[in-house]
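For reference, my_file28.cif (mmCIF, C-alpha atoms):
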data_upload
loop_
_atom_site.label_atom_id
_atom_site.label_comp_id
_atom_site.auth_asym_id
_atom_site.auth_seq_id
_atom_site.Cartn_x
_atom_site.Cartn_y
_atom_site.Cartn_z
CA MET A 1 200.88 167.04 128.65
CA TYR A 2 199.55 165.13 131.62
CA PRO A 3 197.53 161.90 131.23
CA ASN A 4 193.90 162.15 132.27
CA ALA A 5 194.35 159.58 135.07
CA LEU A 6 197.17 161.59 136.66
CA MET A 7 195.32 164.90 136.44
CA THR A 8 192.19 163.34 137.93
CA GLN A 9 194.21 161.94 140.83
CA VAL A 10 195.84 165.31 141.50
CA ALA A 11 192.52 167.16 141.45
CA ARG A 12 190.92 164.66 143.81
CA SER A 13 193.83 164.63 146.26
CA ASN A 14 194.10 168.42 146.40
CA PRO A 15 192.70 169.36 149.85
CA PHE A 16 191.76 172.81 148.57
CA SER A 17 189.96 171.73 145.39
CA ALA A 18 186.47 172.99 144.78
CA PRO A 19 183.63 170.50 145.46
CA GLY A 20 180.56 170.12 143.32
CA PHE A 21 181.89 168.86 140.01
CA THR A 22 181.89 165.49 138.27
CA LEU A 23 184.54 163.87 136.14
CA GLN A 24 183.87 162.59 132.66
CA LYS A 25 186.00 160.55 130.32
CA VAL A 26 187.15 162.66 127.41
CA GLU A 27 189.38 162.20 124.41
CA GLU A 28 192.97 163.35 124.82
CA PRO A 29 193.69 166.05 122.24
CA SER A 30 196.58 165.18 119.99
CA GLN A 31 197.85 168.73 119.64
CA SER A 32 199.74 170.59 122.33
CA LEU A 33 198.18 173.44 124.25
CA THR A 34 200.67 175.81 122.71
CA ALA A 35 199.56 174.88 119.24
CA ASP A 36 195.87 175.11 120.16
CA HIS A 37 195.95 178.33 122.03
CA GLY A 38 199.07 180.14 120.94
CA PRO A 39 202.04 181.14 123.12
CA ARG A 40 201.51 181.00 126.87
CA THR A 41 201.24 184.35 128.54
CA ARG A 42 201.57 185.28 132.20
CA THR A 43 199.30 182.91 134.08
CA LEU A 44 198.34 185.28 136.86
CA ALA A 45 197.86 188.34 134.70
CA ALA A 46 194.89 187.41 132.58
CA ALA A 47 192.27 188.24 135.19
CA ALA A 48 194.05 191.43 136.23
CA VAL A 49 194.00 193.30 132.92
CA ALA A 50 191.08 195.67 133.26
CA GLU A 51 190.12 199.15 132.18
CA GLY A 52 191.18 201.77 134.70
CA ASP A 53 194.40 200.07 135.86
CA SER A 54 197.34 202.45 136.13
CA CYS A 55 199.93 199.88 135.05
CA GLU A 56 200.39 196.41 133.64
CA PHE A 57 200.23 193.52 136.07
CA GLY A 58 203.79 192.28 136.69
CA SER A 59 205.49 195.40 135.33
CA SER A 60 208.36 197.17 137.12
CA HIS A 61 206.00 200.00 138.08
CA TYR A 62 203.60 197.47 139.61
CA PHE A 63 206.35 195.87 141.73
CA ILE A 64 207.63 199.26 142.92
CA MET A 65 204.17 200.38 143.99
CA CYS A 66 203.63 197.06 145.79
CA GLY A 67 206.88 197.68 147.66
CA ILE A 68 205.67 201.15 148.66
CA GLY A 69 202.44 199.59 149.84
CA GLY A 70 204.51 197.19 151.94
CA ILE A 71 206.42 200.08 153.52
CA LEU A 72 203.22 201.85 154.48
CA SER A 73 201.47 198.74 155.74
CA CYS A 74 204.30 197.27 157.83
CA GLY A 75 206.13 200.39 159.02
CA THR A 76 203.07 202.23 160.29
CA THR A 77 201.29 199.26 161.88
CA HIS A 78 204.29 197.88 163.77
CA THR A 79 205.10 201.37 165.06
CA ALA A 80 201.50 201.84 166.22
CA VAL A 81 201.67 198.76 168.47
CA VAL A 82 205.13 199.44 169.95
CA PRO A 83 203.69 199.66 173.53
CA LEU A 84 202.17 196.20 173.25
CA ASP A 85 205.31 194.84 171.58
CA LEU A 86 207.47 196.29 174.37
CA VAL A 87 205.40 194.59 177.09
CA LYS A 88 205.36 191.34 175.10
CA CYS A 89 209.17 191.33 174.80
CA ARG A 90 209.63 192.07 178.50
CA LEU A 91 207.18 189.31 179.40
CA GLN A 92 209.27 186.89 177.32
CA VAL A 93 212.68 187.82 178.73
CA ASP A 94 211.68 188.47 182.38
CA PRO A 95 208.49 186.53 183.20
CA ASP A 96 209.16 186.66 186.95
CA LYS A 97 208.87 190.45 186.97
CA TYR A 98 206.30 190.99 184.22
CA LYS A 99 203.79 188.26 185.10
CA SER A 100 201.00 189.35 182.74
CA ILE A 101 200.12 191.90 180.07
CA PHE A 102 198.41 194.23 182.53
CA LYS A 103 201.22 193.83 185.08
CA GLY A 104 203.72 194.61 182.35
CA PHE A 105 201.98 197.83 181.38
CA SER A 106 201.62 198.84 185.04
CA ILE A 107 205.30 198.26 185.90
CA THR A 108 206.53 199.97 182.71
CA ILE A 109 204.43 203.09 183.31
CA LYS A 110 205.45 203.18 186.97
CA GLU A 111 209.17 202.94 186.19
CA ASP A 112 209.45 204.87 182.90
CA GLY A 113 206.26 206.90 182.65
CA MET A 114 204.00 206.96 179.60
CA ARG A 115 206.94 207.85 177.37
CA GLY A 116 208.52 204.55 178.34
CA LEU A 117 205.88 202.70 176.35
CA ALA A 118 207.26 204.22 173.15
CA LYS A 119 210.79 202.88 173.61
CA GLY A 120 212.11 201.36 170.41
CA TRP A 121 209.74 203.14 168.04
CA ALA A 122 212.53 204.37 165.72
CA PRO A 123 214.18 200.99 164.97
CA THR A 124 210.71 199.49 164.72
CA PHE A 125 209.59 201.99 162.09
CA ILE A 126 212.81 201.81 160.05
CA GLY A 127 213.28 198.05 160.34
CA TYR A 128 209.73 197.03 159.55
CA SER A 129 209.44 199.55 156.72
CA MET A 130 212.41 197.89 155.05
CA GLN A 131 210.96 194.48 155.81
CA GLY A 132 207.60 195.47 154.32
CA LEU A 133 209.29 196.73 151.16
CA CYS A 134 210.95 193.35 150.61
CA LYS A 135 208.11 191.19 151.94
CA PHE A 136 205.28 192.51 149.76
CA GLY A 137 207.38 193.61 146.80
CA PHE A 138 209.31 190.37 146.46
CA TYR A 139 206.21 188.28 147.15
CA GLU A 140 204.58 189.68 144.03
CA VAL A 141 207.80 189.10 142.07
CA PHE A 142 208.24 185.50 143.20
CA LYS A 143 204.54 184.67 142.83
CA ILE A 144 204.54 185.68 139.17
CA THR A 145 207.97 184.14 138.51
CA TYR A 146 207.09 180.77 140.01
CA SER A 147 203.70 180.81 138.29
CA ASP A 148 205.34 181.33 134.91
CA MET A 149 207.74 178.47 135.67
CA ILE A 150 205.05 175.86 136.45
CA GLY A 151 202.35 176.95 133.98
CA GLU A 152 198.71 178.01 134.23
CA GLU A 153 197.22 174.64 135.14
CA ASN A 154 199.74 173.82 137.86
CA THR A 155 199.40 177.35 139.19
CA TYR A 156 195.75 176.62 139.90
CA LEU A 157 196.21 173.06 141.15
CA TRP A 158 199.12 173.93 143.44
CA ARG A 159 198.24 177.54 144.25
CA THR A 160 198.62 177.07 148.00
CA SER A 161 202.12 175.68 147.50
CA LEU A 162 202.82 178.61 145.18
CA TYR A 163 201.79 181.10 147.89
CA LEU A 164 203.96 179.30 150.44
CA ALA A 165 207.04 179.21 148.20
CA ALA A 166 206.73 182.84 147.06
CA SER A 167 206.21 184.18 150.59
CA ALA A 168 209.09 182.13 152.04
CA SER A 169 211.44 183.39 149.32
CA ALA A 170 210.41 187.00 149.91
CA GLU A 171 210.75 186.76 153.69
CA PHE A 172 214.28 185.37 153.45
CA PHE A 173 215.45 188.71 152.02
CA ALA A 174 213.07 190.77 154.14
CA ASP A 175 214.62 189.46 157.37
CA ILE A 176 218.11 190.39 156.25
CA ALA A 177 216.84 193.96 155.94
CA LEU A 178 215.06 193.77 159.32
CA ALA A 179 217.70 192.07 161.50
CA PRO A 180 219.87 195.08 162.51
CA MET A 181 216.93 197.22 163.59
CA GLU A 182 215.27 194.28 165.35
CA ALA A 183 218.43 193.75 167.41
CA CYS A 184 218.46 197.44 168.40
CA LYS A 185 214.76 197.41 169.23
CA VAL A 186 215.04 194.44 171.57
CA ARG A 187 218.08 195.89 173.36
CA ILE A 188 216.28 199.19 173.95
CA GLN A 189 213.07 197.55 175.13
CA THR A 190 214.44 194.76 177.33
CA GLN A 191 217.61 196.20 178.90
CA PRO A 192 216.69 199.20 181.09
CA GLY A 193 219.47 201.76 181.11
CA TYR A 194 221.27 200.33 178.07
CA ALA A 195 219.99 202.96 175.62
CA ASN A 196 216.87 205.03 175.17
CA THR A 197 217.13 205.86 171.47
CA LEU A 198 218.40 204.30 168.26
CA ARG A 199 221.18 206.91 168.04
CA GLN A 200 222.48 205.71 171.40
CA CYS A 201 221.94 202.01 170.86
CA ALA A 202 223.45 201.30 167.43
CA PRO A 203 226.90 202.90 168.09
CA LYS A 204 227.05 201.23 171.51
CA MET A 205 226.35 197.77 170.07
CA PHE A 206 228.92 198.34 167.32
CA ALA A 207 231.54 199.49 169.86
CA GLU A 208 230.94 196.49 172.12
CA GLU A 209 231.42 194.08 169.24
CA GLY A 210 234.54 196.01 168.24
CA ASP A 211 236.01 195.53 171.72
CA LYS A 212 235.41 191.77 171.44
CA VAL A 213 237.11 191.62 168.04
CA ASN A 214 240.13 193.62 169.29
CA ASN A 215 240.58 191.18 172.15
CA THR A 216 240.74 188.15 169.85
CA GLU A 217 243.27 186.84 167.36
CA THR A 218 240.96 187.78 164.48
CA SER A 219 241.34 191.52 165.02
CA HIS A 220 243.63 191.88 161.99
CA SER A 221 242.06 189.21 159.80
CA ARG A 222 239.83 189.73 156.79
CA SER A 223 236.85 188.48 158.80
CA ALA A 224 237.10 191.31 161.35
CA PRO A 225 234.66 193.65 159.51
CA LEU A 226 232.08 190.86 159.39
CA LEU A 227 232.54 190.11 163.09
CA LEU A 228 231.83 193.77 163.86
CA LEU A 229 228.32 193.26 162.44
CA TYR A 230 227.75 190.07 164.42
CA SER A 231 225.72 191.73 167.18
CA PHE A 232 223.31 193.09 164.56
CA TYR A 233 222.93 189.81 162.67
CA LYS A 234 223.38 187.11 165.31
CA GLY A 235 219.60 186.90 165.55
CA VAL A 236 218.97 186.53 161.82
CA VAL A 237 218.70 182.71 161.87
CA PRO A 238 216.12 182.68 164.71
CA LEU A 239 214.48 185.57 162.87
CA TRP A 240 214.16 183.36 159.80
CA MET A 241 212.77 180.63 162.05
CA ARG A 242 210.15 183.06 163.33
CA GLN A 243 209.34 185.14 160.29
CA ILE A 244 209.42 182.62 157.44
CA PRO A 245 206.73 180.33 158.94
CA TYR A 246 204.84 183.46 159.99
CA THR A 247 204.92 184.96 156.50
CA MET A 248 204.10 181.67 154.80
CA MET A 249 201.00 181.40 156.98
CA LYS A 250 200.24 185.10 156.54
CA PHE A 251 200.12 185.02 152.75
CA ALA A 252 198.84 181.49 152.10
CA CYS A 253 196.13 181.66 154.76
CA PHE A 254 195.09 185.12 153.61
CA GLU A 255 194.87 184.16 149.94
CA ARG A 256 192.87 181.00 150.67
CA THR A 257 190.62 182.74 153.22
CA VAL A 258 189.74 185.48 150.72
CA GLU A 259 188.91 182.78 148.18
CA LEU A 260 186.66 180.93 150.66
CA LEU A 261 184.95 184.10 151.91
CA TYR A 262 183.91 185.12 148.40
CA LYS A 263 182.79 181.58 147.66
CA HIS A 264 180.84 180.74 150.82
CA VAL A 265 180.20 183.92 152.86
CA VAL A 266 179.92 186.99 150.63
CA PRO A 267 176.44 186.85 149.03
CA LYS A 268 177.54 188.20 145.65
CA PRO A 269 180.50 187.81 143.29
CA ARG A 270 183.60 189.91 143.93
CA ALA A 271 183.09 191.80 140.66
CA GLU A 272 179.75 193.09 141.98
CA CYS A 273 181.20 194.21 145.34
CA SER A 274 182.16 197.83 145.86
CA LYS A 275 185.76 198.73 146.67
CA GLY A 276 184.74 199.31 150.30
CA GLU A 277 183.10 195.89 150.56
CA GLN A 278 186.18 194.27 149.08
CA LEU A 279 188.39 196.00 151.66
CA VAL A 280 186.16 194.68 154.47
CA VAL A 281 186.71 191.15 153.16
CA THR A 282 190.44 191.90 153.06
CA PHE A 283 190.43 193.03 156.71
CA VAL A 284 188.51 189.95 157.94
CA ALA A 285 190.73 187.55 156.01
CA GLY A 286 193.80 189.36 157.32
CA TYR A 287 192.72 188.99 160.94
CA ILE A 288 192.00 185.27 160.55
CA ALA A 289 195.42 184.80 158.97
CA GLY A 290 197.04 186.83 161.75
CA VAL A 291 195.80 184.53 164.51
CA PHE A 292 197.39 181.50 162.84
CA CYS A 293 200.55 183.51 162.15
CA ALA A 294 201.01 184.34 165.83
CA ILE A 295 200.65 180.72 166.92
CA VAL A 296 203.08 179.13 164.45
CA SER A 297 205.81 181.74 164.94
CA HIS A 298 205.63 182.44 168.69
CA PRO A 299 208.26 179.96 169.97
CA ALA A 300 210.89 181.41 167.63
CA ASP A 301 209.80 184.93 168.62
CA SER A 302 210.54 184.11 172.26
CA VAL A 303 214.00 182.86 171.30
CA VAL A 304 214.75 186.02 169.29
CA SER A 305 213.74 188.27 172.20
CA VAL A 306 216.00 186.50 174.71
CA LEU A 307 218.84 186.09 172.19
CA ASN A 308 219.03 189.80 171.42
CA LYS A 309 218.85 190.69 175.11
CA GLU A 310 221.59 188.41 176.40
CA SER A 311 225.05 188.98 174.95
CA GLY A 312 226.88 185.78 174.00
CA SER A 313 223.80 183.58 174.06
CA THR A 314 222.91 181.04 171.36
CA ALA A 315 219.58 179.89 169.99
CA ILE A 316 220.03 176.33 171.29
CA GLY A 317 221.06 177.62 174.72
CA VAL A 318 218.02 179.89 174.90
CA LEU A 319 215.69 177.02 173.92
CA LYS A 320 217.11 174.85 176.71
CA LYS A 321 216.75 177.70 179.20
CA LEU A 322 213.15 178.54 178.29
CA GLY A 323 211.91 174.98 178.05
CA PRO A 324 208.67 173.76 176.39
CA LYS A 325 206.45 176.05 178.46
CA GLY A 326 208.67 179.11 178.45
CA VAL A 327 208.63 179.52 174.67
CA TRP A 328 204.85 180.11 174.84
CA LYS A 329 205.03 182.99 177.33
CA GLY A 330 203.33 186.12 175.98
CA LEU A 331 201.26 184.22 173.39
CA VAL A 332 197.98 186.01 174.22
CA ALA A 333 199.60 189.42 173.80
CA ARG A 334 201.14 188.32 170.53
CA ILE A 335 197.85 186.95 169.16
CA ILE A 336 196.17 190.28 169.89
CA MET A 337 199.07 192.21 168.41
CA ILE A 338 199.68 190.05 165.33
CA GLY A 339 195.99 189.53 164.57
CA THR A 340 195.39 193.26 164.56
CA LEU A 341 198.67 193.95 162.75
CA THR A 342 198.05 191.46 159.97
CA ALA A 343 194.49 192.66 159.39
CA LEU A 344 195.61 196.30 159.22
CA GLN A 345 198.58 195.47 157.01
CA TRP A 346 196.46 193.71 154.42
CA PHE A 347 193.84 196.49 154.64
CA ILE A 348 196.46 199.23 154.09
CA TYR A 349 198.23 197.26 151.37
CA ASP A 350 195.00 196.64 149.47
CA SER A 351 193.96 200.27 150.00
CA VAL A 352 197.21 201.41 148.39
CA LYS A 353 196.40 199.23 145.38
CA VAL A 354 192.91 200.72 145.19
CA TYR A 355 194.14 204.31 145.58
CA PHE A 356 196.81 204.00 142.88
CA CYS A 357 194.55 201.91 140.61
CA LEU A 358 196.91 198.94 140.62
CA PRO A 359 195.73 195.61 139.16
CA ARG A 360 193.97 193.46 141.78
CA PRO A 361 193.36 189.95 140.41
CA PRO A 362 190.18 188.22 141.63
CA PRO A 363 190.31 184.82 143.39
CA PRO A 364 191.67 182.16 141.00
CA GLU A 365 189.39 180.02 138.88
CA MET A 366 190.13 176.71 137.18
CA PRO A 367 191.49 177.26 133.65
CA GLU A 368 189.28 176.12 130.80
CA SER A 369 192.06 173.87 129.48
CA LEU A 370 192.16 172.01 132.80
CA LYS A 371 188.38 171.65 132.85
CA LYS A 372 188.53 170.04 129.41
CA LYS A 373 191.28 167.66 130.51
CA LEU A 374 189.34 166.59 133.59
CA GLY A 375 185.99 166.51 131.82
CA ILE A 376 184.50 168.74 134.51
CA THR A 377 180.89 169.93 134.37
CA GLU A 378 179.85 172.60 136.86
#
Structure translated into structure tokens:
Amino acid sequence: MYPNALMTQVARSNPFSAPGFTLQKVEEPSQSLTADHGPRTRTLAAAAVAEGDSCEFGSSHYFIMCGIGGILSCGTTHTAVVPLDLVKCRLQVDPDKYKSIFKGFSITIKEDGMRGLAKGWAPTFIGYSMQGLCKFGFYEVFKITYSDMIGEENTYLWRTSLYLAASASAEFFADIALAPMEACKVRIQTQPGYANTLRQCAPKMFAEEGDKVNNTETSHSRSAPLLLLYSFYKGVVPLWMRQIPYTMMKFACFERTVELLYKHVVPKPRAECSKGEQLVVTFVAGYIAGVFCAIVSHPADSVVSVLNKESGSTAIGVLKKLGPKGVWKGLVARIIMIGTLTALQWFIYDSVKVYFCLPRPPPPEMPESLKKKLGITE
């Protein structure tokens, strides 16, 4: 049990704490919370148990359906913006030729026709579907797991940190699933003539890495099979550098923005809003989060694009080559793309939850036990 002075200090120093309450001196209860209130149950589940839900919050069925929602939200949205992603990648790796978004579209259509704008759609769809499965599915797993570890009161006090930790953990695994298809996508989009389809690109990359292994002393060592996969995973560390900050911002900013919108913008409580009105709030919060996501992750995105294009390059070498200004090339295109993507992803993901009647917890509220400890009066 925390002393009153410590809890008061934490609540005051929390930059996301709710204003409008006063602190009163209260007697410390001598009994433990467990004795007063019985065994602790899942801290995030209490508000989600409602009539009409198709499954229990935190059950295996719930996590599977969240993963399916992630597949639908990430796979479809990233595939839909492949033309913009293609131009963005080319602007990053060859800024002298593709000087702007409009110039990039014009040159691409002139050289490859309209079909050229769809290059890389297959690895995009497969890769980001797998990423979405892990990103959203594991986020729900880690959020509940970490919440159970720190308890109900700390879950509320440190909820932003909880969102950041859960999303970072989920994205670590999601990028491992994404990396091979991301490498193929960038090769197809940024190296004209290298390959036009995934079926051409993947075997070619594997064969090239095999030739390098055969020409080295490691060709007969136990590490040879791992080296054969190097071309598919050499960008995974920069991918973590790009995607983990992006996903941390995506989930934490979204969760906090939803909370603030219902508190300060939406004129009625969430419980009184229709499903359609709730989805509008989801879309708006998703777009706001997407803008911040694009900004914090863009330098690493530039490194990933150049790294996957140039064989034998390293992340540090690419950073030196691009320089402080070069890593920000294509930012406008990425803000447009990521803002729209993030908004649509959250909208589709939440729509899947609505359609399958999955539990959808409302924005968090301070637990009664914490209010008593802090002597809070609304």
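Across the model, the gap from atom CA of A:Pro299 to atom CA of A:Lys325 is 9.5 Å.
Proximity ranking of A:Thr340, A:Ser167, A:Gln189, A:Gln278 relative to A:Glu140 places A:Ser167 first, based on only C-alpha atoms.
When all atoms listed in the file are used to compute distances to A:Thr77, the closest of the residues A:Cys184, A:Ala170, A:Ile316, A:Leu341 turns out to be A:Leu341.
Each of A:Lys250, A:Lys371, A:Arg270, A:Lys234 was checked against A:Gly290 using all atoms listed in the file; the smallest atom-to-atom distance is that of A:Lys250.
Distances here use all atoms listed in the file; by that measure, the residue among A:Leu307, A:Met181, A:Cys273, A:Ala202 closest to A:Leu319 is A:Leu307.
Within 10 Å of the file-frame point (212.7, 188.6, 152.5), and using only C-alpha atoms, the polymer residues found are Met130, Gln131, Gly132, Leu133, Cys134, Lys135, Phe136, Gly137, Phe138, Tyr139, Ala166, Ser167, Ala168, Ser169, Ala170, Glu171, Phe172, Phe173, Ala174, Asp175, Ile176, Ala177, Leu178, Trp240, Gln243, Ile244 and Thr247 of chain A.
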* Care to translate the PyMOL selection byres ((chain A and resi 249) around 9) into actual residues of this file, as an NGL selection string? -> :A and (164 or 167 or 244-248 or 250-254 or 289-290 or 292-293 or 296)
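Between atom CA of A:Phe206 and atom CA of A:Leu84 there is a distance of 27.5 Å.
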* To do: Just the residues within 7 Å of stretch 329-335 of chain A, please, counting all atoms listed in the file, with nothing from its chain fewer than 6 positions along; format it as a ChimeraX atom specification.
  => /A:88,91-92,101,291,294,298
Mind listing as a tab-separated table (two decimals) with C-alpha atoms, in the frame of the given file all residues within 10 Å of (213.5, 203.5, 171.8), counting all atoms listed in the file?
chain	number	residue	atom	x	y	z
A	82	VAL	CA	205.13	199.44	169.95
A	86	LEU	CA	207.47	196.29	174.37
A	115	ARG	CA	206.94	207.85	177.37
A	116	GLY	CA	208.52	204.55	178.34
A	117	LEU	CA	205.88	202.70	176.35
A	118	ALA	CA	207.26	204.22	173.15
A	119	LYS	CA	210.79	202.88	173.61
A	120	GLY	CA	212.11	201.36	170.41
A	121	TRP	CA	209.74	203.14	168.04
A	122	ALA	CA	212.53	204.37	165.72
A	123	PRO	CA	214.18	200.99	164.97
A	124	THR	CA	210.71	199.49	164.72
A	184	CYS	CA	218.46	197.44	168.40
A	185	LYS	CA	214.76	197.41	169.23
A	186	VAL	CA	215.04	194.44	171.57
A	187	ARG	CA	218.08	195.89	173.36
A	188	ILE	CA	216.28	199.19	173.95
A	189	GLN	CA	213.07	197.55	175.13
A	195	ALA	CA	219.99	202.96	175.62
A	196	ASN	CA	216.87	205.03	175.17
A	197	THR	CA	217.13	205.86	171.47
A	198	LEU	CA	218.40	204.30	168.26
A	199	ARG	CA	221.18	206.91	168.04
A	200	GLN	CA	222.48	205.71	171.40
A	201	CYS	CA	221.94	202.01	170.86
Problem - 10 Å contact set for A:Cys357, all atoms listed in the file, chain neighbours under 4 positions out, as JSON, numbers by chain - result: {"A": [51, 52, 53, 54, 55, 351, 352, 353]}
Let me know the residues the PyMOL selection byres ((chain A and resi 358) around 12) catches in the file above, as a ChimeraX atom specification. /A:48-59,61-66,69,349-357,359-361
So that I have them on file, write out the residues from the current selection with C-alpha atoms, as a PDB file, in the coordinates of the input.
ATOM      1  CA  ALA A  48     194.050 191.430 136.230  1.00  0.00           C
ATOM      2  CA  VAL A  49     194.000 193.300 132.920  1.00  0.00           C
ATOM      3  CA  ALA A  50     191.080 195.670 133.260  1.00  0.00           C
ATOM      4  CA  GLU A  51     190.120 199.150 132.180  1.00  0.00           C
ATOM      5  CA  GLY A  52     191.180 201.770 134.700  1.00  0.00           C
ATOM      6  CA  ASP A  53     194.400 200.070 135.860  1.00  0.00           C
ATOM      7  CA  SER A  54     197.340 202.450 136.130  1.00  0.00           C
ATOM      8  CA  CYS A  55     199.930 199.880 135.050  1.00  0.00           C
ATOM      9  CA  GLU A  56     200.390 196.410 133.640  1.00  0.00           C
ATOM     10  CA  PHE A  57     200.230 193.520 136.070  1.00  0.00           C
ATOM     11  CA  GLY A  58     203.790 192.280 136.690  1.00  0.00           C
ATOM     12  CA  SER A  59     205.490 195.400 135.330  1.00  0.00           C
ATOM     13  CA  HIS A  61     206.000 200.000 138.080  1.00  0.00           C
ATOM     14  CA  TYR A  62     203.600 197.470 139.610  1.00  0.00           C
ATOM     15  CA  PHE A  63     206.350 195.870 141.730  1.00  0.00           C
ATOM     16  CA  ILE A  64     207.630 199.260 142.920  1.00  0.00           C
ATOM     17  CA  MET A  65     204.170 200.380 143.990  1.00  0.00           C
ATOM     18  CA  CYS A  66     203.630 197.060 145.790  1.00  0.00           C
ATOM     19  CA  GLY A  69     202.440 199.590 149.840  1.00  0.00           C
ATOM     20  CA  TYR A 349     198.230 197.260 151.370  1.00  0.00           C
ATOM     21  CA  ASP A 350     195.000 196.640 149.470  1.00  0.00           C
ATOM     22  CA  SER A 351     193.960 200.270 150.000  1.00  0.00           C
ATOM     23  CA  VAL A 352     197.210 201.410 148.390  1.00  0.00           C
ATOM     24  CA  LYS A 353     196.400 199.230 145.380  1.00  0.00           C
ATOM     25  CA  VAL A 354     192.910 200.720 145.190  1.00  0.00           C
ATOM     26  CA  TYR A 355     194.140 204.310 145.580  1.00  0.00           C
ATOM     27  CA  PHE A 356     196.810 204.000 142.880  1.00  0.00           C
ATOM     28  CA  CYS A 357     194.550 201.910 140.610  1.00  0.00           C
ATOM     29  CA  PRO A 359     195.730 195.610 139.160  1.00  0.00           C
ATOM     30  CA  ARG A 360     193.970 193.460 141.780  1.00  0.00           C
ATOM     31  CA  PRO A 361     193.360 189.950 140.410  1.00  0.00           C
TER      32      PRO A 361
END
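Across the structure, atom CA of A:Lys143 and atom CA of A:Leu162 are spaced 6.7 Å apart.
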